[in-house]
$ cat work24.cif   # mmCIF, C-alpha atoms
data_data
#
loop_
_atom_site.label_atom_id
_atom_site.label_comp_id
_atom_site.auth_asym_id
_atom_site.auth_seq_id
_atom_site.Cartn_x
_atom_site.Cartn_y
_atom_site.Cartn_z
CA MET A 224 114.35 78.90 130.99
CA VAL A 225 114.83 82.06 128.89
CA GLN A 226 118.42 83.27 129.01
CA ALA A 227 119.74 86.80 128.60
CA ALA A 228 121.37 87.67 125.29
CA LEU A 229 125.09 87.04 125.09
CA ASN A 230 125.74 88.46 121.63
CA PRO A 231 122.69 90.42 120.50
CA HIS A 232 122.48 91.55 116.90
CA PRO A 233 123.92 95.05 116.30
CA GLU A 234 120.49 96.57 115.67
CA THR A 235 119.34 95.54 119.15
CA VAL A 236 122.35 96.95 121.05
CA GLY A 237 121.09 99.40 123.66
CA LEU A 238 117.55 98.08 123.30
CA ALA A 239 118.24 94.44 124.09
CA PRO A 240 116.28 93.94 127.33
CA ALA A 241 113.11 95.73 126.22
CA PHE A 242 113.26 94.46 122.66
CA ARG A 243 114.00 90.94 123.84
CA ASP A 244 110.92 90.95 126.06
CA THR A 245 108.76 92.28 123.22
CA CYS A 246 110.06 89.65 120.81
CA LEU A 247 109.47 86.83 123.26
CA LYS A 248 105.97 88.08 124.04
CA ALA A 249 105.25 88.32 120.31
CA TYR A 250 106.55 84.81 119.70
CA ARG A 251 104.29 83.38 122.41
CA PHE A 252 101.23 85.02 120.85
CA MET A 253 102.29 83.75 117.43
CA LEU A 254 102.66 80.24 118.79
CA LEU A 255 99.29 80.40 120.54
CA ALA A 256 97.62 81.71 117.38
CA ARG A 257 99.14 78.92 115.27
CA ILE A 258 97.99 76.22 117.68
CA LEU A 259 94.53 77.78 117.89
CA ASP A 260 94.29 77.95 114.09
CA ASP A 261 95.38 74.33 113.74
CA LYS A 262 92.73 73.25 116.24
CA LEU A 263 90.00 75.22 114.47
CA ALA A 264 91.03 73.64 111.16
CA SER A 265 90.78 70.19 112.75
CA LEU A 266 87.32 70.95 114.15
CA TYR A 267 86.20 72.24 110.74
CA ARG A 268 87.35 69.07 109.00
CA ALA A 269 85.52 67.04 111.65
CA GLY A 270 82.26 68.87 110.88
CA LYS A 271 82.21 70.64 114.26
CA ILE A 272 82.37 74.17 112.82
CA HIS A 273 79.84 75.64 110.41
CA GLY A 274 80.99 78.43 108.16
CA GLY A 275 84.47 79.15 106.89
CA VAL A 276 87.76 78.76 108.70
CA PHE A 277 90.55 81.04 107.52
CA LEU A 278 94.05 80.55 108.88
CA GLY A 279 96.76 83.11 109.51
CA ARG A 280 99.60 80.68 108.78
CA GLY A 281 102.53 82.76 107.52
CA GLN A 282 101.01 86.07 108.61
CA GLU A 283 101.41 85.83 112.39
CA ALA A 284 104.52 88.06 112.62
CA LEU A 285 102.77 90.92 110.87
CA SER A 286 99.54 90.47 112.78
CA VAL A 287 101.04 90.23 116.26
CA SER A 288 103.06 93.38 115.61
CA ILE A 289 99.82 95.31 115.27
CA GLY A 290 98.30 94.03 118.50
CA LEU A 291 101.46 94.79 120.47
CA ALA A 292 101.85 98.30 119.02
CA LEU A 293 98.40 99.39 120.19
CA ARG A 294 97.30 100.69 123.56
CA PRO A 295 94.03 100.67 125.52
CA GLY A 296 91.79 103.26 123.89
CA ASP A 297 93.02 102.50 120.38
CA THR A 298 90.88 100.87 117.71
CA PHE A 299 91.77 97.64 115.94
CA ALA A 300 89.72 96.21 113.08
CA PRO A 301 91.33 92.79 112.44
CA LEU A 302 90.53 90.52 109.53
CA ILE A 303 90.24 86.81 108.88
CA ARG A 304 93.96 86.00 109.32
CA ASP A 305 94.62 88.11 112.40
CA ALA A 306 94.37 85.63 115.25
CA ALA A 307 97.81 86.64 116.54
CA GLY A 308 96.96 90.34 116.51
CA ARG A 309 93.60 89.71 118.15
CA LEU A 310 95.21 87.76 120.98
CA ALA A 311 97.89 90.40 121.48
CA PHE A 312 95.20 93.11 121.61
CA GLY A 313 93.27 91.28 124.32
CA GLU A 314 90.92 88.75 122.75
CA THR A 315 90.90 85.51 124.71
CA VAL A 316 91.16 82.03 123.26
CA LEU A 317 87.79 81.21 124.82
CA GLU A 318 86.12 84.16 123.07
CA ALA A 319 87.44 82.99 119.72
CA VAL A 320 86.48 79.36 120.27
CA ARG A 321 83.00 80.23 121.55
CA THR A 322 82.31 82.23 118.41
CA TYR A 323 83.52 79.47 116.09
CA MET A 324 81.57 76.82 118.02
CA GLY A 325 78.37 78.88 118.09
CA SER A 326 78.16 79.31 121.84
CA PRO A 327 75.65 81.97 122.98
CA LEU A 328 78.13 82.89 125.73
CA GLY A 329 80.58 84.21 123.14
CA PRO A 330 81.02 87.93 122.45
CA MET A 331 78.63 87.77 119.46
CA ARG A 332 76.06 85.56 121.31
CA ALA A 333 76.14 82.94 118.51
CA ARG A 334 75.02 85.47 115.93
CA ASP A 335 76.59 86.25 112.56
CA GLY A 336 79.47 84.35 110.99
CA ASN A 337 82.32 83.02 113.07
CA VAL A 338 84.87 85.56 111.79
CA HIS A 339 82.66 88.58 112.54
CA ARG A 340 83.54 88.86 116.19
CA GLY A 341 84.81 91.60 118.46
CA ARG A 342 84.23 93.86 121.44
CA PRO A 343 83.50 97.37 120.09
CA LYS A 344 83.46 98.94 123.56
CA ASP A 345 87.06 97.82 123.97
CA GLY A 346 88.12 99.00 120.52
CA LEU A 347 88.10 95.55 118.91
CA LEU A 348 85.77 95.93 115.93
CA PRO A 349 83.87 92.98 114.42
CA MET A 350 84.74 92.58 110.76
CA ILE A 351 82.17 93.56 108.13
CA SER A 352 84.25 92.48 105.13
CA HIS A 353 87.91 91.88 104.40
CA LEU A 354 87.66 93.91 101.16
CA GLY A 355 88.40 97.33 102.62
CA ALA A 356 85.06 98.02 104.31
CA MET A 357 86.66 98.47 107.72
CA ILE A 358 88.75 101.50 106.72
CA SER A 359 85.75 103.82 106.73
CA VAL A 360 84.52 102.29 110.00
CA VAL A 361 87.86 102.99 111.69
CA ASN A 362 87.82 106.49 110.17
CA GLY A 363 84.45 107.00 111.80
CA THR A 364 85.72 106.02 115.24
CA LEU A 365 88.70 108.35 114.85
CA LEU A 366 86.53 111.26 113.75
CA ALA A 367 84.14 110.64 116.65
CA ARG A 368 87.04 110.84 119.08
CA ARG A 369 88.23 114.05 117.45
CA PHE A 370 84.76 115.58 117.86
CA ARG A 371 84.79 114.57 121.53
CA GLY A 372 88.23 116.08 122.09
CA ILE A 373 89.96 112.74 122.66
CA ALA A 374 93.56 112.83 121.45
CA GLY A 375 96.45 110.37 121.31
CA THR A 376 94.55 107.36 119.97
CA VAL A 377 95.23 105.38 116.80
CA GLY A 378 93.10 103.17 114.56
CA VAL A 379 94.47 100.21 112.63
CA THR A 380 92.90 97.92 110.10
CA CYS A 381 94.27 95.34 107.70
CA ILE A 382 93.64 94.28 104.12
CA GLY A 383 95.16 91.91 101.61
CA ASP A 384 96.68 92.87 98.29
CA GLY A 385 93.44 92.02 96.49
CA ALA A 386 91.41 94.46 98.57
CA THR A 387 93.58 97.35 97.39
CA SER A 388 91.79 97.07 94.04
CA THR A 389 88.40 97.91 95.56
CA GLY A 390 86.69 101.28 95.68
CA ALA A 391 86.18 101.05 99.43
CA VAL A 392 89.94 101.21 99.96
CA HIS A 393 90.34 104.24 97.70
CA GLU A 394 87.50 106.12 99.35
CA GLY A 395 88.52 105.25 102.88
CA LEU A 396 92.21 106.02 102.49
CA ASN A 397 91.45 109.23 100.63
CA GLN A 398 89.14 110.37 103.43
CA ALA A 399 91.75 109.54 106.07
CA ALA A 400 94.37 111.53 104.17
CA VAL A 401 92.14 114.60 103.71
CA GLU A 402 91.13 114.56 107.39
CA LYS A 403 94.67 113.70 108.52
CA LEU A 404 93.36 110.89 110.69
CA PRO A 405 95.68 108.72 112.81
CA LEU A 406 94.89 105.66 110.68
CA VAL A 407 97.38 102.88 110.02
CA LEU A 408 96.43 100.68 107.08
CA VAL A 409 98.37 97.41 107.02
CA VAL A 410 98.45 95.54 103.72
CA ALA A 411 99.45 91.89 103.74
CA ASP A 412 100.77 91.48 100.20
CA ASN A 413 100.55 87.69 100.19
CA GLN A 414 100.88 87.43 96.40
CA TYR A 415 97.34 86.22 95.71
CA ALA A 416 93.83 87.69 95.90
CA TYR A 417 92.33 84.30 96.61
CA SER A 418 93.72 82.62 93.46
CA THR A 419 94.51 85.74 91.38
CA PRO A 420 98.26 86.53 91.35
CA THR A 421 99.44 90.09 91.97
CA SER A 422 100.62 90.35 88.36
CA ARG A 423 96.94 90.42 87.37
CA GLN A 424 95.96 92.88 90.12
CA PHE A 425 98.25 95.89 89.85
CA ALA A 426 101.04 97.19 87.62
CA CYS A 427 103.04 99.24 90.13
CA GLU A 428 106.24 97.70 91.47
CA SER A 429 105.01 97.89 95.06
CA LEU A 430 101.69 98.75 96.64
CA ALA A 431 103.64 101.15 98.85
CA ASP A 432 104.13 103.30 95.74
CA ARG A 433 100.45 104.19 95.86
CA ALA A 434 100.87 106.11 99.10
CA ILE A 435 102.20 109.23 97.42
CA GLY A 436 99.03 109.53 95.37
CA TYR A 437 96.99 109.77 98.56
CA GLY A 438 99.45 112.00 100.38
CA VAL A 439 100.18 109.46 103.10
CA ALA A 440 103.42 108.02 104.45
CA SER A 441 104.43 104.51 103.44
CA HIS A 442 106.46 101.74 105.04
CA SER A 443 107.61 98.47 103.46
CA VAL A 444 108.60 95.40 105.46
CA ASP A 445 109.50 91.75 105.12
CA GLY A 446 106.41 90.10 106.56
CA THR A 447 108.30 86.90 107.39
CA ASN A 448 110.66 88.71 109.80
CA LEU A 449 109.26 89.32 113.29
CA ASP A 450 111.95 91.83 114.28
CA ALA A 451 111.32 93.91 111.16
CA CYS A 452 107.54 93.76 111.58
CA LEU A 453 107.67 94.86 115.21
CA LYS A 454 109.87 97.83 114.36
CA THR A 455 108.09 98.90 111.17
CA VAL A 456 104.52 98.57 112.42
CA GLY A 457 105.53 100.13 115.73
CA ARG A 458 107.08 103.09 113.93
CA ALA A 459 103.99 103.58 111.76
CA VAL A 460 101.70 103.52 114.81
CA ASP A 461 103.96 105.96 116.66
CA GLN A 462 103.96 108.38 113.73
CA ALA A 463 100.18 108.25 113.41
CA ARG A 464 99.83 108.82 117.16
CA ALA A 465 102.18 111.80 116.94
CA GLY A 466 99.87 113.57 114.49
CA GLN A 467 101.70 112.74 111.26
CA GLY A 468 98.54 111.54 109.53
CA PRO A 469 97.67 108.19 107.93
CA GLN A 470 100.36 105.55 107.49
CA LEU A 471 100.41 102.75 104.93
CA VAL A 472 102.37 99.59 105.81
CA VAL A 473 102.94 97.03 103.06
CA ALA A 474 104.32 93.65 104.10
CA LYS A 475 105.55 91.08 101.59
CA LEU A 476 104.84 87.48 102.53
CA LEU A 477 103.11 84.35 101.28
CA ARG A 478 99.96 82.72 102.57
CA LEU A 479 101.15 79.27 103.67
CA CYS A 480 97.74 77.65 103.30
CA GLY A 481 94.62 77.88 101.21
CA HIS A 482 92.40 80.94 101.17
CA GLY A 483 90.30 78.95 103.63
CA GLU A 484 90.17 75.36 104.78
CA HIS A 485 87.92 74.66 101.80
CA ASP A 486 90.75 75.59 99.41
CA ASP A 487 93.75 73.37 98.60
CA SER A 488 95.84 76.32 97.27
CA SER A 489 97.04 74.25 94.30
CA TYR A 490 97.31 77.46 92.26
CA ILE A 491 100.23 78.83 94.31
CA ASP A 492 103.44 78.85 92.30
CA PRO A 493 105.89 76.26 93.73
CA GLN A 494 108.75 78.68 93.11
CA LEU A 495 107.11 81.16 95.46
CA LYS A 496 106.85 78.49 98.13
CA SER A 497 110.59 77.82 97.90
CA SER A 498 111.49 81.53 97.78
CA PRO A 499 112.24 83.74 100.82
CA LEU A 500 108.57 84.81 100.75
CA GLY A 501 107.63 81.22 101.52
CA CYS A 502 109.47 81.16 104.84
CA ASP A 503 107.38 80.34 107.90
CA CYS A 504 107.54 83.44 110.10
CA LEU A 505 107.02 81.36 113.24
CA LYS A 506 110.05 79.18 112.48
CA VAL A 507 112.11 82.21 111.45
CA ALA A 508 111.28 83.95 114.72
CA GLU A 509 112.15 80.87 116.75
CA GLU A 510 115.48 80.47 114.94
CA ASN A 511 116.41 84.13 115.40
CA LEU A 512 115.49 84.16 119.07
CA THR A 513 117.47 80.98 119.63
CA LYS A 514 120.55 82.37 117.84
CA GLN A 515 120.50 85.37 120.15
CA ASN A 516 120.29 83.10 123.20
CA TRP A 517 116.92 84.60 124.07
CA LEU A 518 115.15 81.26 123.71
CA ASN A 519 115.89 77.55 123.92
CA ALA A 520 114.21 74.30 122.95
CA GLU A 521 113.00 73.54 126.47
CA THR A 522 111.21 76.87 126.74
CA VAL A 523 109.62 76.44 123.31
CA ALA A 524 108.32 73.00 124.29
CA ALA A 525 106.91 74.33 127.56
CA TRP A 526 105.18 77.25 125.84
CA ARG A 527 103.80 74.96 123.15
CA ASN A 528 102.34 72.60 125.75
CA GLU A 529 100.87 75.50 127.69
CA ALA A 530 99.26 76.94 124.55
CA ALA A 531 97.86 73.56 123.50
CA HIS A 532 96.38 73.06 126.96
CA LYS A 533 94.76 76.50 126.88
CA VAL A 534 93.22 75.81 123.46
CA GLU A 535 91.96 72.36 124.45
CA GLN A 536 90.42 73.77 127.63
CA ALA A 537 88.62 76.46 125.66
CA VAL A 538 87.25 73.92 123.18
CA ALA A 539 86.07 71.61 125.97
CA THR A 540 84.34 74.53 127.69
CA ALA A 541 82.57 75.68 124.52
CA GLN A 542 81.49 72.16 123.65
CA ARG A 543 79.82 71.77 127.06
CA GLU A 544 77.79 74.96 126.63
CA ALA A 545 74.19 74.75 125.40
CA ALA A 546 73.37 75.73 121.85
CA PRO A 547 71.49 79.01 121.31
CA ASP A 548 67.71 78.88 121.67
CA PRO A 549 66.08 81.14 119.03
CA PHE A 550 62.83 81.25 121.03
CA LYS A 551 64.57 82.73 124.07
CA GLU A 552 66.89 85.06 122.16
CA ASN A 553 66.48 88.79 122.70
CA TRP A 554 66.55 89.85 119.06
CA CYS A 555 67.61 93.45 119.61
CA ALA A 556 69.50 95.04 116.75
CA LEU A 557 71.65 96.92 119.26
CA SER A 558 73.03 95.94 122.62
CA THR A 559 70.88 98.49 124.45
CA ARG A 560 67.24 97.43 124.23
CA HIS A 561 65.63 100.89 124.36
CA LEU A 562 67.61 101.83 121.22
CA SER A 563 66.39 98.82 119.21
CA GLU A 564 63.85 99.20 116.42
CA GLY A 565 60.22 99.22 117.53
CA ASN A 566 60.81 100.81 120.93
CA GLU A 567 59.96 104.37 121.81
#
$ encode --input "work24.cif" --output "structure tokens"
Amino acid sequence: MVQAALNPHPETVGLAPAFRDTCLKAYRFMLLARILDDKLASLYRAGKIHGGVFLGRGQEALSVSIGLALRPGDTFAPLIRDAAGRLAFGETVLEAVRTYMGSPLGPMRARDGNVHRGRPKDGLLPMISHLGAMISVVNGTLLARRFRGIAGTVGVTCIGDGATSTGAVHEGLNQAAVEKLPLVLVVADNQYAYSTPTSRQFACESLADRAIGYGVASHSVDGTNLDACLKTVGRAVDQARAGQGPQLVVAKLLRLCGHGEHDDSSYIDPQLKSSPLGCDCLKVAEENLTKQNWLNAETVAAWRNEAAHKVEQAVATAQREAAPDPFKENWCALSTRHLSEGNE
């Protein structure tokens, strides 16, 4: 049973009930995302998943903060390590599993790679690439809403530190700044672009320093700290929604796994693993919530069992579903048939 706070931290005084509920909700999504990721990794190693499997281990606090900061009508373009944010924004476990398992009943109908999934009509955009390509796509949705007179919406996408070295990021962020779009760009500075350390990627002290060159606001946060992520990402989203233009959020953390399940991450510096950056955000969140008497071991165990059951049910459902039949597939390029190529 979750107990009320007896001695909340000073920064939560006056906000304890609402902030407590948000933190607990975030923790549950983080836990669900971790269990889902672990199951997908197991299925990949068993040869049940074709294509890559990329885990969000160590990035869940940052990711879930995005999903919880957004509202219906907003746009979210998540990347390969954003299971927690996807779940918080409304993606179901079954949708994720169906896509990974190649079920034609999934949102992408067993097409494309397993990480390129979403529901555009609901503002959840399928990923094109994790190297900055989604910034311009989100810009496009925000401009379209402006042309239609729709106000009060925000668009968020994420990149890693390596993607900041690409031209797509420069062009997209520059466009957002010139047009003063309500874009929030979240950078997970996880110290490596695949296996290339940040010391070989950029010379500035922090990627947040680049914001001034684009004329956008910047925010820096400890990506291992759930409380800090919720507040910082929430503030950036609020400022973008209030018409203050693009916001750049840079979170320092460490990827606690390989680039994908195919990668043993042997190149990661052991000193980084033992540094504060190497902390597991899920464990840190659990410890902090427990210290504030907002959580206890019995509740954690119950939530973990519930999440595991939900994941196992989704996998069992997807495994029972028939594989796609290419001869019966309606190969329209777009969801509306009369708009597909070859039709008048």
$ atom_distance --input "work24.cif" --atom1 "CA of Arg257 in chain A" --atom2 "CA of Ser498 in chain A"
21.6 Å
$ atom_distance --input "work24.cif" --atom1 "CA of Phe252 in chain A" --atom2 "CA of Val287 in chain A"
6.9 Å
$ atom_distance --input "work24.cif" --atom1 "CA of Ser286 in chain A" --atom2 "CA of Ala306 in chain A"
7.5 Å
$ residues_near_point --input "work24.cif" --point "(95.3, 106.7, 119.0)" --cutoff "6 Å" --atoms "all atoms listed in the file" --output "list of chain:residue names"
A:Asp297, A:Gly375, A:Thr376, A:Val377, A:Arg464
$ residues_around --input "work24.cif" --residues "Gly483 in chain A" --least-positions-apart "6" --cutoff "12 Å" --atoms "all atoms listed in the file" --output "list in words"
Asp260, Leu263, Ala264, Tyr267, Arg268, Gly274, Gly275, Val276, Phe277, Leu278, Gly279, Arg280, Ile303, Arg304, Val338, Tyr417 and Ser418 of chain A
$ residues_around --input "work24.cif" --residues "Lys506 in chain A" --least-positions-apart "6" --cutoff "10 Å" --atoms "only C-alpha atoms" --output "ChimeraX atom specification"
/A:250,254,281,447-448,512
$ closest_residue --input "work24.cif" --among "A:Gly308, A:Gly383, A:Pro327, A:Gly378" --to "His353 in chain A" --atoms "only C-alpha atoms"
A:Gly383
$ residues_around --input "work24.cif" --residues "Leu285 in chain A" --least-positions-apart "4" --cutoff "7 Å" --atoms "all atoms listed in the file" --output "list of chain:residue names"
A:Ile289, A:Gly446, A:Cys452
$ closest_residue --input "work24.cif" --among "A:Ala545, A:Cys502, A:Met324, A:Ile491" --to "Thr419 in chain A" --atoms "only C-alpha atoms"
A:Ile491
$ resolve_selection --input "work24.cif" --expression "the PyMOL selection byres ((chain A and resi 247) around 12)" --output "count of residues only"
39
